[in-house]
$ cat work.txt   # compact mmCIF, C-alpha atoms and all ligand atoms
# COMPACT_ATOMS: atom_id res chain seq x y z
CA MET A 1 -62.60 57.03 42.66
CA ILE A 2 -59.82 56.60 40.12
CA ALA A 3 -59.00 53.43 38.21
CA ILE A 4 -55.72 52.48 36.58
CA LEU A 5 -55.30 49.96 33.80
CA GLY A 6 -51.63 49.12 33.46
CA GLY A 7 -50.41 46.89 30.67
CA THR A 8 -48.04 46.36 27.83
CA PHE A 9 -50.73 47.31 25.31
CA ASN A 10 -48.82 45.58 22.51
CA PRO A 11 -51.33 46.47 21.09
CA ILE A 12 -54.33 47.85 22.98
CA HIS A 13 -57.42 45.85 22.00
CA LEU A 14 -61.19 45.71 22.37
CA GLY A 15 -60.83 43.44 25.42
CA HIS A 16 -59.02 46.24 27.29
CA LEU A 17 -61.64 48.80 26.28
CA HIS A 18 -64.52 46.51 27.15
CA LEU A 19 -62.98 45.80 30.56
CA ALA A 20 -62.54 49.51 31.27
CA LYS A 21 -66.08 50.39 30.16
CA GLN A 22 -67.74 47.54 32.07
CA LEU A 23 -65.88 48.29 35.27
CA LYS A 24 -66.53 52.01 35.01
CA ALA A 25 -70.26 51.34 34.59
CA LYS A 26 -70.42 48.78 37.41
CA LEU A 27 -68.16 50.44 39.97
CA GLY A 28 -68.61 54.12 39.13
CA PHE A 29 -65.03 55.30 38.59
CA ASP A 30 -64.66 59.01 37.84
CA SER A 31 -61.85 58.28 35.43
CA ILE A 32 -59.63 55.50 34.15
CA ARG A 33 -55.97 56.06 33.39
CA PHE A 34 -54.26 53.75 30.92
CA VAL A 35 -50.61 53.26 31.90
CA PRO A 36 -48.40 51.58 29.29
CA ALA A 37 -45.33 49.84 30.68
CA ALA A 38 -42.14 51.11 29.05
CA LEU A 39 -40.02 48.08 29.89
CA PRO A 40 -42.19 45.31 31.41
CA ALA A 41 -40.46 43.40 34.20
CA LEU A 42 -41.90 39.97 33.43
CA LYS A 43 -42.14 39.88 29.64
CA ASP A 44 -39.70 39.87 26.76
CA ALA A 45 -39.08 43.35 25.34
CA PRO A 46 -42.23 44.17 23.33
CA SER A 47 -41.94 44.27 19.56
CA ALA A 48 -43.48 47.75 19.36
CA THR A 49 -41.66 50.61 21.09
CA ALA A 50 -43.06 52.17 24.24
CA GLU A 51 -43.84 55.33 22.25
CA GLN A 52 -45.73 53.34 19.64
CA ARG A 53 -47.70 51.43 22.26
CA ALA A 54 -48.55 54.67 24.07
CA GLU A 55 -49.63 56.27 20.80
CA LEU A 56 -51.90 53.29 20.10
CA VAL A 57 -53.56 53.85 23.48
CA LYS A 58 -53.78 57.60 22.92
CA ILE A 59 -55.53 57.45 19.54
CA THR A 60 -57.88 54.74 20.79
CA ILE A 61 -59.15 56.57 23.86
CA GLU A 62 -58.97 60.19 22.72
CA ASN A 63 -62.71 60.52 22.21
CA GLN A 64 -63.66 58.76 25.43
CA ALA A 65 -64.31 61.46 27.99
CA HIS A 66 -63.24 59.61 31.13
CA PHE A 67 -60.29 57.67 29.78
CA THR A 68 -56.80 59.19 29.81
CA LEU A 69 -53.30 58.14 28.83
CA ASP A 70 -50.73 58.34 31.62
CA THR A 71 -47.17 58.07 30.32
CA ARG A 72 -45.32 58.23 33.64
CA GLU A 73 -43.63 54.85 33.06
CA LEU A 74 -42.17 56.16 29.80
CA SER A 75 -40.46 59.01 31.65
CA ARG A 76 -38.59 56.65 33.97
CA SER A 77 -35.51 54.72 32.93
CA GLY A 78 -35.00 51.01 33.51
CA THR A 79 -37.59 48.36 34.27
CA SER A 80 -41.16 49.60 34.76
CA TYR A 81 -42.12 48.45 38.23
CA THR A 82 -45.74 49.00 39.20
CA ILE A 83 -44.76 49.83 42.78
CA ASP A 84 -42.83 52.91 41.55
CA THR A 85 -45.89 53.99 39.55
CA LEU A 86 -48.11 53.65 42.60
CA ILE A 87 -45.76 55.70 44.77
CA SER A 88 -45.71 58.42 42.12
CA LEU A 89 -49.51 58.32 41.72
CA ARG A 90 -49.99 58.80 45.47
CA GLU A 91 -47.56 61.73 45.37
CA GLU A 92 -49.74 63.30 42.70
CA LEU A 93 -53.20 62.41 44.03
CA GLY A 94 -52.69 62.31 47.80
CA ASN A 95 -53.68 59.58 50.23
CA GLU A 96 -57.42 60.18 50.51
CA VAL A 97 -58.74 59.27 47.09
CA SER A 98 -59.64 55.66 46.36
CA ILE A 99 -57.44 54.21 43.60
CA CYS A 100 -58.18 50.85 41.97
CA TRP A 101 -55.64 48.95 39.90
CA LEU A 102 -57.56 46.88 37.35
CA MET A 103 -56.22 43.55 36.18
CA GLY A 104 -57.15 40.27 34.57
CA SER A 105 -57.01 37.00 36.49
CA ASP A 106 -53.86 35.96 34.58
CA ALA A 107 -51.98 38.92 36.01
CA PHE A 108 -53.41 38.41 39.50
CA ALA A 109 -52.42 34.73 39.54
CA HIS A 110 -48.78 35.77 39.12
CA LEU A 111 -48.82 38.82 41.34
CA ASN A 112 -46.29 37.35 43.74
CA ALA A 113 -43.67 37.62 40.98
CA TRP A 114 -44.07 41.42 40.95
CA HIS A 115 -41.38 43.57 42.51
CA ARG A 116 -42.34 44.38 46.14
CA TRP A 117 -45.74 42.80 45.59
CA GLN A 118 -46.64 42.74 49.28
CA GLU A 119 -46.61 46.55 49.29
CA LEU A 120 -48.98 47.12 46.36
CA LEU A 121 -52.09 47.17 48.57
CA ASN A 122 -50.59 49.95 50.68
CA TYR A 123 -51.28 52.20 47.70
CA VAL A 124 -54.26 50.81 45.77
CA HIS A 125 -57.10 48.32 45.73
CA LEU A 126 -56.92 45.53 43.18
CA VAL A 127 -59.98 44.88 41.03
CA VAL A 128 -59.64 41.49 39.35
CA VAL A 129 -61.66 40.23 36.41
CA LYS A 130 -61.68 36.62 35.25
CA ARG A 131 -60.33 36.21 31.73
CA PRO A 132 -62.49 33.98 29.56
CA HIS A 133 -61.64 30.27 29.42
CA SER A 134 -59.09 30.61 32.21
CA ASP A 135 -59.10 28.78 35.50
CA ASP A 136 -56.56 31.14 37.07
CA LEU A 137 -58.80 32.00 40.00
CA SER A 138 -59.49 28.40 40.99
CA LYS A 139 -55.77 27.51 40.94
CA LEU A 140 -54.23 30.36 42.91
CA ASN A 141 -50.91 29.59 44.57
CA ALA A 142 -50.64 29.62 48.36
CA GLU A 143 -49.20 33.13 48.61
CA ILE A 144 -51.88 34.70 46.47
CA LYS A 145 -54.60 32.72 48.22
CA LYS A 146 -53.40 34.05 51.53
CA LEU A 147 -53.30 37.60 50.20
CA LEU A 148 -56.85 37.22 48.88
CA ASN A 149 -58.13 35.73 52.14
CA THR A 150 -56.71 38.62 54.09
CA HIS A 151 -57.85 41.42 51.80
CA GLU A 152 -60.87 40.28 49.83
CA ALA A 153 -63.73 42.81 49.65
CA LYS A 154 -67.02 41.09 50.38
CA HIS A 155 -68.91 43.92 48.73
CA ALA A 156 -68.05 46.43 46.01
CA LYS A 157 -68.84 49.38 48.27
CA GLU A 158 -65.70 48.63 50.30
CA ILE A 159 -63.50 50.02 47.54
CA LYS A 160 -65.32 53.35 47.88
CA GLN A 161 -65.11 53.40 51.64
CA HIS A 162 -61.34 52.87 51.73
CA ALA A 163 -58.57 54.45 49.66
CA ASN A 164 -56.59 51.21 49.23
CA GLY A 165 -56.04 47.75 50.69
CA LYS A 166 -58.91 45.62 49.27
CA ILE A 167 -59.07 43.00 46.56
CA LEU A 168 -62.35 42.90 44.68
CA ILE A 169 -63.02 39.95 42.41
CA GLN A 170 -65.53 41.48 40.00
CA GLU A 171 -67.76 39.49 37.69
CA VAL A 172 -67.86 40.95 34.22
CA ALA A 173 -68.33 39.40 30.83
CA ALA A 174 -64.73 39.88 29.64
CA LEU A 175 -63.96 39.41 25.94
CA ASP A 176 -61.72 36.58 24.83
CA ILE A 177 -59.09 38.75 23.17
CA SER A 178 -55.35 39.02 23.83
CA SER A 179 -52.55 41.07 22.33
CA THR A 180 -50.68 37.82 21.68
CA GLN A 181 -53.51 36.57 19.48
CA ILE A 182 -53.58 39.89 17.60
CA ARG A 183 -49.83 39.90 16.94
CA GLU A 184 -50.09 36.34 15.64
CA ASN A 185 -53.04 37.15 13.41
CA ILE A 186 -51.31 40.17 11.90
CA SER A 187 -48.04 38.31 11.36
CA HIS A 188 -50.01 35.70 9.41
CA GLY A 189 -51.77 38.36 7.36
CA LYS A 190 -55.15 37.70 9.01
CA ASP A 191 -57.79 40.34 9.56
CA ALA A 192 -57.77 41.74 13.12
CA SER A 193 -60.57 44.29 12.76
CA ALA A 194 -62.85 42.40 15.16
CA LEU A 195 -60.18 42.58 17.88
CA VAL A 196 -58.50 45.97 17.53
CA PRO A 197 -60.18 49.41 17.62
CA PRO A 198 -60.18 51.03 14.15
CA ALA A 199 -57.77 53.90 14.87
CA ALA A 200 -55.25 51.51 16.40
CA LEU A 201 -55.54 49.11 13.48
CA GLN A 202 -54.93 51.96 11.06
CA TYR A 203 -51.77 52.92 12.98
CA ILE A 204 -50.56 49.29 13.09
CA LYS A 205 -50.96 49.06 9.33
CA SER A 206 -49.30 52.34 8.51
CA HIS A 207 -46.33 51.59 10.81
CA GLN A 208 -46.15 47.96 9.66
CA LEU A 209 -46.19 46.66 13.23
CA TYR A 210 -46.28 42.94 14.06
CA LYS A 211 -45.45 41.85 10.54
CA GLN A 212 -42.92 39.39 11.98
CA ALA A 213 -44.17 37.13 14.77
P1 LIG A 301 -50.34 39.75 25.95
O1 LIG A 301 -51.11 38.70 25.21
O2 LIG A 301 -49.23 40.37 25.16
O3 LIG A 301 -49.93 39.32 27.33
P2 LIG A 301 -52.73 41.04 26.94
O4 LIG A 301 -53.85 40.90 25.99
O5 LIG A 301 -52.71 40.13 28.13
O6 LIG A 301 -51.36 40.97 26.16
P3 LIG A 301 -51.80 43.25 28.53
O7 LIG A 301 -51.39 44.58 28.00
O8 LIG A 301 -50.77 42.30 29.00
O9 LIG A 301 -52.71 42.54 27.38
O10 LIG A 301 -52.92 43.41 29.63
C1 LIG A 301 -53.00 44.47 30.54
C2 LIG A 301 -54.01 44.11 31.62
O11 LIG A 301 -55.31 43.91 31.03
C3 LIG A 301 -53.69 42.80 32.36
O12 LIG A 301 -54.05 42.96 33.72
C4 LIG A 301 -54.57 41.78 31.68
O13 LIG A 301 -54.90 40.70 32.53
C5 LIG A 301 -55.80 42.61 31.33
N1 LIG A 301 -56.49 42.13 30.14
C6 LIG A 301 -55.97 42.02 28.90
N2 LIG A 301 -56.89 41.56 28.02
C7 LIG A 301 -58.03 41.36 28.73
C8 LIG A 301 -59.34 40.86 28.39
N3 LIG A 301 -59.63 40.47 27.16
N4 LIG A 301 -60.26 40.80 29.38
C9 LIG A 301 -59.94 41.18 30.63
N5 LIG A 301 -58.73 41.66 31.02
C10 LIG A 301 -57.78 41.74 30.09
MG MG A 302 -51.10 39.36 29.14
$ encode --input "work.txt" --output "structure tokens"
Amino acid sequence: MIAILGGTFNPIHLGHLHLAKQLKAKLGFDSIRFVPAALPALKDAPSATAEQRAELVKITIENQAHFTLDTRELSRSGTSYTIDTLISLREELGNEVSICWLMGSDAFAHLNAWHRWQELLNYVHLVVVKRPHSDDLSKLNAEIKKLLNTHEAKHAKEIKQHANGKILIQEVAALDISSTQIRENISHGKDASALVPPAALQYIKSHQLYKQA
């Protein structure tokens, strides 16, 4: 079973790592691929370049045996649509293996804004984790509610038994950390060492990232 954590990673933080580690331990993924978005569809252009954000991921996970950096979105031009990544992942991995796309509840709550969102489950499962202090999951819009009703996994084993097509809402103690908060802290000269892994923080400092908010 393979897991994918897609994101802007502007920058990667301890909340991402914690999420990946907790879900790997609970659900038994063989590996987790971190997929930085080159040009996110639904956000302003990130302040750090795609290469810098990918490098931040790379140096953070390089000593973690089951975590890998997947730069396929950096090799495509134009907007980074998740659906294109999923099609390309299935071309590489085949249709038999179970693939889980990991996401926070904030991302899930806006899934119906994603390009070709109704097709995502033809390629992967979604594993959704509640972000701390959010009520995203209790305020889902009608389209997402319907999607969840149709596809929700009642038990975690369902994501092993099928290659795609389920939505698992997984309880984990997520950390209350966001890249937005980190960029703000750094732009105000505040210490971010409790939020950012040491290698990434070193890189941010030496490349003077996020100095301007
Ligand atoms: P930003 O504040 O710039 O939006 P972010 O912290 O949300 O950044 P992203 O790169 O946008 O980070 O997140 C990638 C994925 O990881 C998303 O699905 C998001 O919901 C999830 N995620 C991010 N931070 C956490 C966290 N602390 N706990 C659980 N999931 C998280
Ligand atoms: Mg976010």
$ residues_near_ligand --input "work.txt" --ligand "ligand MG 302 (chain A)" --cutoff "8 Å" --atoms "all atoms listed in the file" --output "PyMOL selection string"
chain A and resi 7-8+106-107+178-180
$ closest_residue --input "work.txt" --among "A:Leu137, A:Val57, A:Lys190, A:His66" --to "Ala25 in chain A" --atoms "only C-alpha atoms"
A:His66
$ residues_near_ligand --input "work.txt" --ligand "ligand LIG 301 (chain A)" --cutoff "7 Å" --atoms "all atoms listed in the file" --output "PyMOL selection string"
chain A and resi 5-10+12+15-16+19+102-107+129-131+174-181
$ residues_around --input "work.txt" --residues "range 30-41 of chain A" --least-positions-apart "2" --cutoff "7 Å" --atoms "only C-alpha atoms" --output "NGL selection string"
:A and (1-9 or 28 or 43 or 45 or 50 or 54 or 66-71 or 73-74 or 78-81)
$ write_last_selection --input "work.txt" --atoms "C-alpha atoms" --output "PDB file, in the coordinates of the input"
ATOM      1  CA  MET A   1     -62.600  57.030  42.660  1.00  0.00           C
ATOM      2  CA  ILE A   2     -59.820  56.600  40.120  1.00  0.00           C
ATOM      3  CA  ALA A   3     -59.000  53.430  38.210  1.00  0.00           C
ATOM      4  CA  ILE A   4     -55.720  52.480  36.580  1.00  0.00           C
ATOM      5  CA  LEU A   5     -55.300  49.960  33.800  1.00  0.00           C
ATOM      6  CA  GLY A   6     -51.630  49.120  33.460  1.00  0.00           C
ATOM      7  CA  GLY A   7     -50.410  46.890  30.670  1.00  0.00           C
ATOM      8  CA  THR A   8     -48.040  46.360  27.830  1.00  0.00           C
ATOM      9  CA  PHE A   9     -50.730  47.310  25.310  1.00  0.00           C
ATOM     10  CA  GLY A  28     -68.610  54.120  39.130  1.00  0.00           C
ATOM     11  CA  LYS A  43     -42.140  39.880  29.640  1.00  0.00           C
ATOM     12  CA  ALA A  45     -39.080  43.350  25.340  1.00  0.00           C
ATOM     13  CA  ALA A  50     -43.060  52.170  24.240  1.00  0.00           C
ATOM     14  CA  ALA A  54     -48.550  54.670  24.070  1.00  0.00           C
ATOM     15  CA  HIS A  66     -63.240  59.610  31.130  1.00  0.00           C
ATOM     16  CA  PHE A  67     -60.290  57.670  29.780  1.00  0.00           C
ATOM     17  CA  THR A  68     -56.800  59.190  29.810  1.00  0.00           C
ATOM     18  CA  LEU A  69     -53.300  58.140  28.830  1.00  0.00           C
ATOM     19  CA  ASP A  70     -50.730  58.340  31.620  1.00  0.00           C
ATOM     20  CA  THR A  71     -47.170  58.070  30.320  1.00  0.00           C
ATOM     21  CA  GLU A  73     -43.630  54.850  33.060  1.00  0.00           C
ATOM     22  CA  LEU A  74     -42.170  56.160  29.800  1.00  0.00           C
ATOM     23  CA  GLY A  78     -35.000  51.010  33.510  1.00  0.00           C
ATOM     24  CA  THR A  79     -37.590  48.360  34.270  1.00  0.00           C
ATOM     25  CA  SER A  80     -41.160  49.600  34.760  1.00  0.00           C
ATOM     26  CA  TYR A  81     -42.120  48.450  38.230  1.00  0.00           C
TER      27      TYR A  81
END
$ closest_residue --input "work.txt" --among "A:Ala65, A:Cys100, A:Lys205, A:Leu17" --to "Asp191 in chain A" --atoms "only C-alpha atoms"
A:Lys205
$ atom_distance --input "work.txt" --atom1 "CA of Val127 in chain A" --atom2 "CA of Ile169 in chain A"
6.0 Å
$ closest_residue --input "work.txt" --among "A:Trp101, A:Leu14, A:Gln170, A:Gln64" --to "Ala192 in chain A" --atoms "only C-alpha atoms"
A:Leu14
$ closest_residue --input "work.txt" --among "A:His133, A:Arg183, A:Arg90, A:His125" --to "Val196 in chain A" --atoms "only C-alpha atoms"
A:Arg183
$ residues_around --input "work.txt" --residues "range 156-168 of chain A" --least-positions-apart "4" --cutoff "8 Å" --atoms "only C-alpha atoms" --output "NGL selection string"
:A and (1 or 27 or 95-100 or 121-128 or 148 or 151-152)
$ closest_residue --input "work.txt" --among "A:Ser138, A:Gln22, A:Thr49, A:Ser88" --to "Phe108 in chain A" --atoms "only C-alpha atoms"
A:Ser138
$ closest_residue --input "work.txt" --among "A:Ala194, A:Ala48, A:Leu42, A:Ile59" --to "Trp114 in chain A" --atoms "all atoms listed in the file"
A:Leu42
$ atom_distance --input "work.txt" --atom1 "CA of Glu55 in chain A" --atom2 "CA of Tyr210 in chain A"
15.3 Å
$ atom_distance --input "work.txt" --atom1 "CA of Arg72 in chain A" --atom2 "CA of Leu201 in chain A"
24.4 Å
